[in-house]
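Beneath this line is the structure, given in structure tokens, with notes to follow.
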Amino acid sequence: MYLFTLGILAVISLIETFNREIIDKYKMYFVLFVYFLLVFHDGFRWQTGCDWDVYHNYFVNFFKELEIRDAKSSFEPLYNLFVMSVRIFTDNYSVYLITHAVVFYLMVFWGIFKLSPVPFTSLMLLYMVIVPFMGTNRQFLFIGVYFIALYFLKEKQWWWFVLLVFAGYFIHHSAPICLLALLCLKRINKKYLLAALAIAIVISYSGIINKLSPLALILIQNEQINYKLDFYNNISVYNVSLIVSLISLMRKLFWFAILFFMDQKIKNKDNFYYLSYNLYFIGILFYILVNGTVWQQFVSRGMLYFSMMEIFIIPYVLALIKPNIGKLCVMLLLPIYCWLNIAKGFSNYGSDTDYFQPYKGLFINTDYVRQNTD
């Protein structure tokens, strides 16, 4: 299912690159086809994705949990409202997943088609980014809101951006980190970028983050955060492959470096170019600082808001290449690049897990029994 979906997105992306007239002429048909494909992909899955048991059990026992907790839930209020809007009609979790996918992709499509000059290419890249996180229902809903918020920030309507991020806090508590985008609308001097990169590397190499992390348990007065930090701090050996880490870092730096050195050749740069570029750079800094530390798993999903800017900066890189054989080769290699990153994302959960592979849905691999679900 993953390869099939990626293949479809790759073909449409290829058409968009070399025959834009067809895309523009039949745009609505392409949009609806891709939209319903992705809704089917996410909405009709079963026991596929991370956090399956948590969200499935929460939905099925929603009213019982509210009663037990005296109307206080372990999840954010706007997410609870979303769950309740489905749960009052049915306890069928598939109905919830389809509704979730419909709402999520409506927001994502609106944002991407407003922000990207090559939206179908950006959708293919987004698929690469989010598939390994499929199942994080609350964060996905906020990601949809985040794309809409970025459009308003691009239009310099920062108050709408702040309002949407504030509302997003009541969907997923990681939302406030996105306020860093307010500082990213303008070009930052290259020497400052290099200095920040060097400082991050020095801090990472020194190991100071692991040494100081126990202090966080004292300074942070949040029961849930303390529990997670305590859990990761008590892992005696935190194994991170050096080779995999270096490859991941080189991949991130590759796109950054191209735009860093070719910045002057990019025409008609608007504030969204700098916004996406700077946010992506912040993602690189986060990666350097926390990769291989006890904070890695804790902040990995917060980094997602920055690393996903890849879906917007890669089109800027592609715009530098003339539509010739060279660009065709790049576009044919891009789906392979996407698949390798999807596979790496799946492997991050450990070789003994089968959260994602094989894809299991209401009509696909229905007889497969997951090892890691109730």
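Chains: A, B, ... in order of the structure tokens. Residues: from 1 per chain. Ligands: from 1, in order shown.
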
### Query
Looking only at the backbone, which of the residues in stretch 36-178 of chain A does DSSP tag as helix (DSSP H, G or I), as a ChimeraX atom specification?
/A:36-43,52-60,62-68,77-87,93-115,119-133,137-154,158-169,175-178

Cut-off 6 Å: closest stretch 15-113 of chain A/stretch 354-364 of chain A atom pairs per residue, using only C-alpha atoms, as CSV:
residue,atom,partner,partner_atom,distance
A:Phe44,CA,A:Gly361,CA,5.6
A:Arg45,CA,A:Gly361,CA,3.8
A:Trp46,CA,A:Gly361,CA,4.5
A:Thr48,CA,A:Phe356,CA,5.3
A:Gly49,CA,A:Tyr355,CA,5.1
A:Cys50,CA,A:Tyr355,CA,5.8

Let's have the selection written as a PDB file, in the first residue's frame, with C-alpha atoms.
ATOM      1  CA  PHE A  44      -9.537   2.612   6.194  1.00  0.00           C
ATOM      2  CA  ARG A  45      -6.461   1.278   8.021  1.00  0.00           C
ATOM      3  CA  TRP A  46      -6.852  -1.094  10.934  1.00  0.00           C
ATOM      4  CA  THR A  48      -1.779   0.144  11.528  1.00  0.00           C
ATOM      5  CA  GLY A  49       0.273   3.019  12.866  1.00  0.00           C
ATOM      6  CA  CYS A  50       1.812   4.012  16.174  1.00  0.00           C
TER       7      CYS A  50
END

### Message
Report as a count of residues only all protein, DNA and RNA residues lying within 12 Å of stretch 52-62 of chain A, evaluated on only C-alpha atoms, omitting residues in the same chain fewer than 5 positions from it.
### Response
44

### Query
Using only C-alpha atoms, which of the listed residues (A:Ile314, A:Met28, A:Val103, A:Ala196) sits closest to A:Leu125?
A:Ile314

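For the choices A:Leu163, A:Ile336, A:Leu6, A:Ile171, the atom-to-atom distance to A:Gln139 is smallest for A:Ile171 when using only C-alpha atoms.
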
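Between atom CA of A:Val129 and atom CA of A:Glu310 the interatomic distance comes to 8.7 Å.
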
## Note on the structure
Of A:Tyr151, A:Phe261, A:Phe281, A:Trp110, the one nearest to A:Val31 when counting only C-alpha atoms is A:Trp110

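Atom to atom, atom CA of A:Cys338 and atom CA of A:Gly283 stand 18.2 Å apart.
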
### Query
Got a sec: who's within 8 Å of A:Val39, counting only C-alpha atoms, leaving out chain neighbours fewer than 5 positions off, as a ChimeraX atom specification?
/A:44,98,101-102,105

Keeping only N, CA and C atoms, write the selected residues to a file as a PDB file, in the first residue's frame.
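Output (selection.pdb):
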ATOM      1  N   PHE A  44      -9.102   4.005   6.276  1.00  0.00           N
ATOM      2  CA  PHE A  44      -9.537   2.612   6.194  1.00  0.00           C
ATOM      3  C   PHE A  44      -8.476   1.640   6.718  1.00  0.00           C
ATOM      4  N   ILE A  98     -11.988   7.608   9.521  1.00  0.00           N
ATOM      5  CA  ILE A  98     -12.349   8.225   8.235  1.00  0.00           C
ATOM      6  C   ILE A  98     -12.648   9.708   8.432  1.00  0.00           C
ATOM      7  N   ALA A 101      -9.383  11.522   8.952  1.00  0.00           N
ATOM      8  CA  ALA A 101      -8.638  11.670   7.700  1.00  0.00           C
ATOM      9  C   ALA A 101      -9.261  12.741   6.818  1.00  0.00           C
ATOM     10  N   VAL A 102     -10.592  12.774   6.750  1.00  0.00           N
ATOM     11  CA  VAL A 102     -11.284  13.776   5.937  1.00  0.00           C
ATOM     12  C   VAL A 102     -10.935  15.184   6.413  1.00  0.00           C
ATOM     13  N   TYR A 105      -6.895  15.983   6.004  1.00  0.00           N
ATOM     14  CA  TYR A 105      -6.444  16.256   4.644  1.00  0.00           C
ATOM     15  C   TYR A 105      -7.131  17.467   4.025  1.00  0.00           C
TER      16      TYR A 105
END

Excluding A:Ser307 and its own-chain neighbours fewer than 4 positions away, which residues fall within 10 Å of it when counting only C-alpha atoms? Please give them as a JSON list (two decimals) with N, CA and C atoms, in the first residue's frame.
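Saved result, out13.json, follows:
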[["chain", "number", "residue", "atom", "x", "y", "z"],
["A", 129, "VAL", "N", 7.11, 12.32, 4.95],
["A", 129, "VAL", "CA", 7.37, 12.82, 6.30],
["A", 129, "VAL", "C", 6.40, 12.23, 7.33],
["A", 252, "LYS", "N", 19.72, 16.01, 5.73],
["A", 252, "LYS", "CA", 19.12, 17.28, 6.10],
["A", 252, "LYS", "C", 19.99, 18.46, 5.63],
["A", 276, "SER", "N", 10.15, 29.12, 5.46],
["A", 276, "SER", "CA", 10.34, 27.66, 5.36],
["A", 276, "SER", "C", 11.82, 27.29, 5.50],
["A", 279, "LEU", "N", 12.85, 27.78, 9.26],
["A", 279, "LEU", "CA", 12.24, 26.74, 10.09],
["A", 279, "LEU", "C", 12.94, 25.40, 9.86],
["A", 280, "TYR", "N", 13.26, 25.10, 8.62],
["A", 280, "TYR", "CA", 13.97, 23.87, 8.32],
["A", 280, "TYR", "C", 15.34, 23.86, 9.00],
["A", 281, "PHE", "N", 16.00, 25.02, 9.02],
["A", 281, "PHE", "CA", 17.31, 25.13, 9.67],
["A", 281, "PHE", "C", 17.18, 24.90, 11.17],
["A", 282, "ILE", "N", 16.13, 25.42, 11.79],
["A", 282, "ILE", "CA", 15.90, 25.16, 13.21],
["A", 282, "ILE", "C", 15.74, 23.67, 13.46],
["A", 283, "GLY", "N", 15.07, 22.98, 12.53],
["A", 283, "GLY", "CA", 14.92, 21.53, 12.64],
["A", 283, "GLY", "C", 16.27, 20.83, 12.63],
["A", 284, "ILE", "N", 17.19, 21.32, 11.79],
["A", 284, "ILE", "CA", 18.55, 20.75, 11.75],
["A", 284, "ILE", "C", 19.25, 20.95, 13.09],
["A", 286, "PHE", "N", 17.87, 21.35, 16.05],
["A", 286, "PHE", "CA", 17.26, 20.44, 17.02],
["A", 286, "PHE", "C", 17.81, 19.03, 16.86],
["A", 287, "TYR", "N", 17.92, 18.60, 15.62],
["A", 287, "TYR", "CA", 18.40, 17.25, 15.36],
["A", 287, "TYR", "C", 19.82, 17.06, 15.89],
["A", 300, "SER", "N", 11.17, 14.39, 19.55],
["A", 300, "SER", "CA", 11.18, 14.05, 18.12],
["A", 300, "SER", "C", 9.93, 14.53, 17.40],
["A", 301, "ARG", "N", 8.79, 14.44, 18.06],
["A", 301, "ARG", "CA", 7.55, 14.86, 17.41],
["A", 301, "ARG", "C", 7.43, 16.38, 17.36],
["A", 302, "GLY", "N", 8.05, 17.06, 18.31],
["A", 302, "GLY", "CA", 8.09, 18.52, 18.24],
["A", 302, "GLY", "C", 8.94, 19.00, 17.10],
["A", 303, "MET", "N", 9.99, 18.24, 16.77],
["A", 303, "MET", "CA", 10.86, 18.57, 15.65],
["A", 303, "MET", "C", 10.14, 18.46, 14.32],
["A", 311, "ILE", "N", 9.20, 19.81, 2.68],
["A", 311, "ILE", "CA", 8.24, 19.68, 1.59],
["A", 311, "ILE", "C", 8.09, 20.99, 0.81]]

### Query
atom CA of A:Leu126 and atom CA of A:Met308, how far apart in Å?
7.0 Å

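For A:Leu182, the non-local neighbours within 9 Å, defined as residues at least 3 positions apart in the same chain or in other chains and counting only C-alpha atoms, are A:Leu153, A:Trp158, A:Phe161, A:Val162, A:Cys178, A:Leu179, A:Leu185, A:Leu275.
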
Take the residues from that selection and write them out as a short mmCIF file (atom, residue, chain, number, x, y, z; two decimals), in the first residue's frame, keeping N, CA and C atoms.
data_model
loop_
_atom_site.label_atom_id
_atom_site.label_comp_id
_atom_site.auth_asym_id
_atom_site.auth_seq_id
_atom_site.Cartn_x
_atom_site.Cartn_y
_atom_site.Cartn_z
N LEU A 153 0.56 33.52 8.30
CA LEU A 153 1.84 34.14 8.63
C LEU A 153 2.54 34.63 7.37
N TRP A 158 -0.06 37.96 11.33
CA TRP A 158 0.52 37.19 12.43
C TRP A 158 -0.47 36.92 13.56
N PHE A 161 -2.12 33.73 12.91
CA PHE A 161 -1.17 32.66 13.18
C PHE A 161 -1.11 32.36 14.67
N VAL A 162 -0.95 33.40 15.47
CA VAL A 162 -0.87 33.21 16.93
C VAL A 162 -2.16 32.61 17.46
N CYS A 178 5.71 26.12 17.79
CA CYS A 178 5.57 26.68 16.44
C CYS A 178 5.62 28.20 16.43
N LEU A 179 5.52 28.83 17.60
CA LEU A 179 5.61 30.29 17.66
C LEU A 179 6.99 30.79 17.27
N LEU A 185 10.69 35.09 9.56
CA LEU A 185 10.11 35.66 8.34
C LEU A 185 11.11 36.41 7.47
N LEU A 275 10.80 31.92 5.52
CA LEU A 275 10.10 31.25 6.62
C LEU A 275 10.37 29.74 6.60
#

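Closest approach to A:Trp255 among A:Ile288, A:Ile177, A:Leu37, A:Leu318 is made by A:Leu318 (distances from only C-alpha atoms).
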
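If you measure from each of A:Val317, A:Ala10, A:Val202, A:Cys184 to A:Tyr337 using only C-alpha atoms, the closest one turns out to be A:Ala10.
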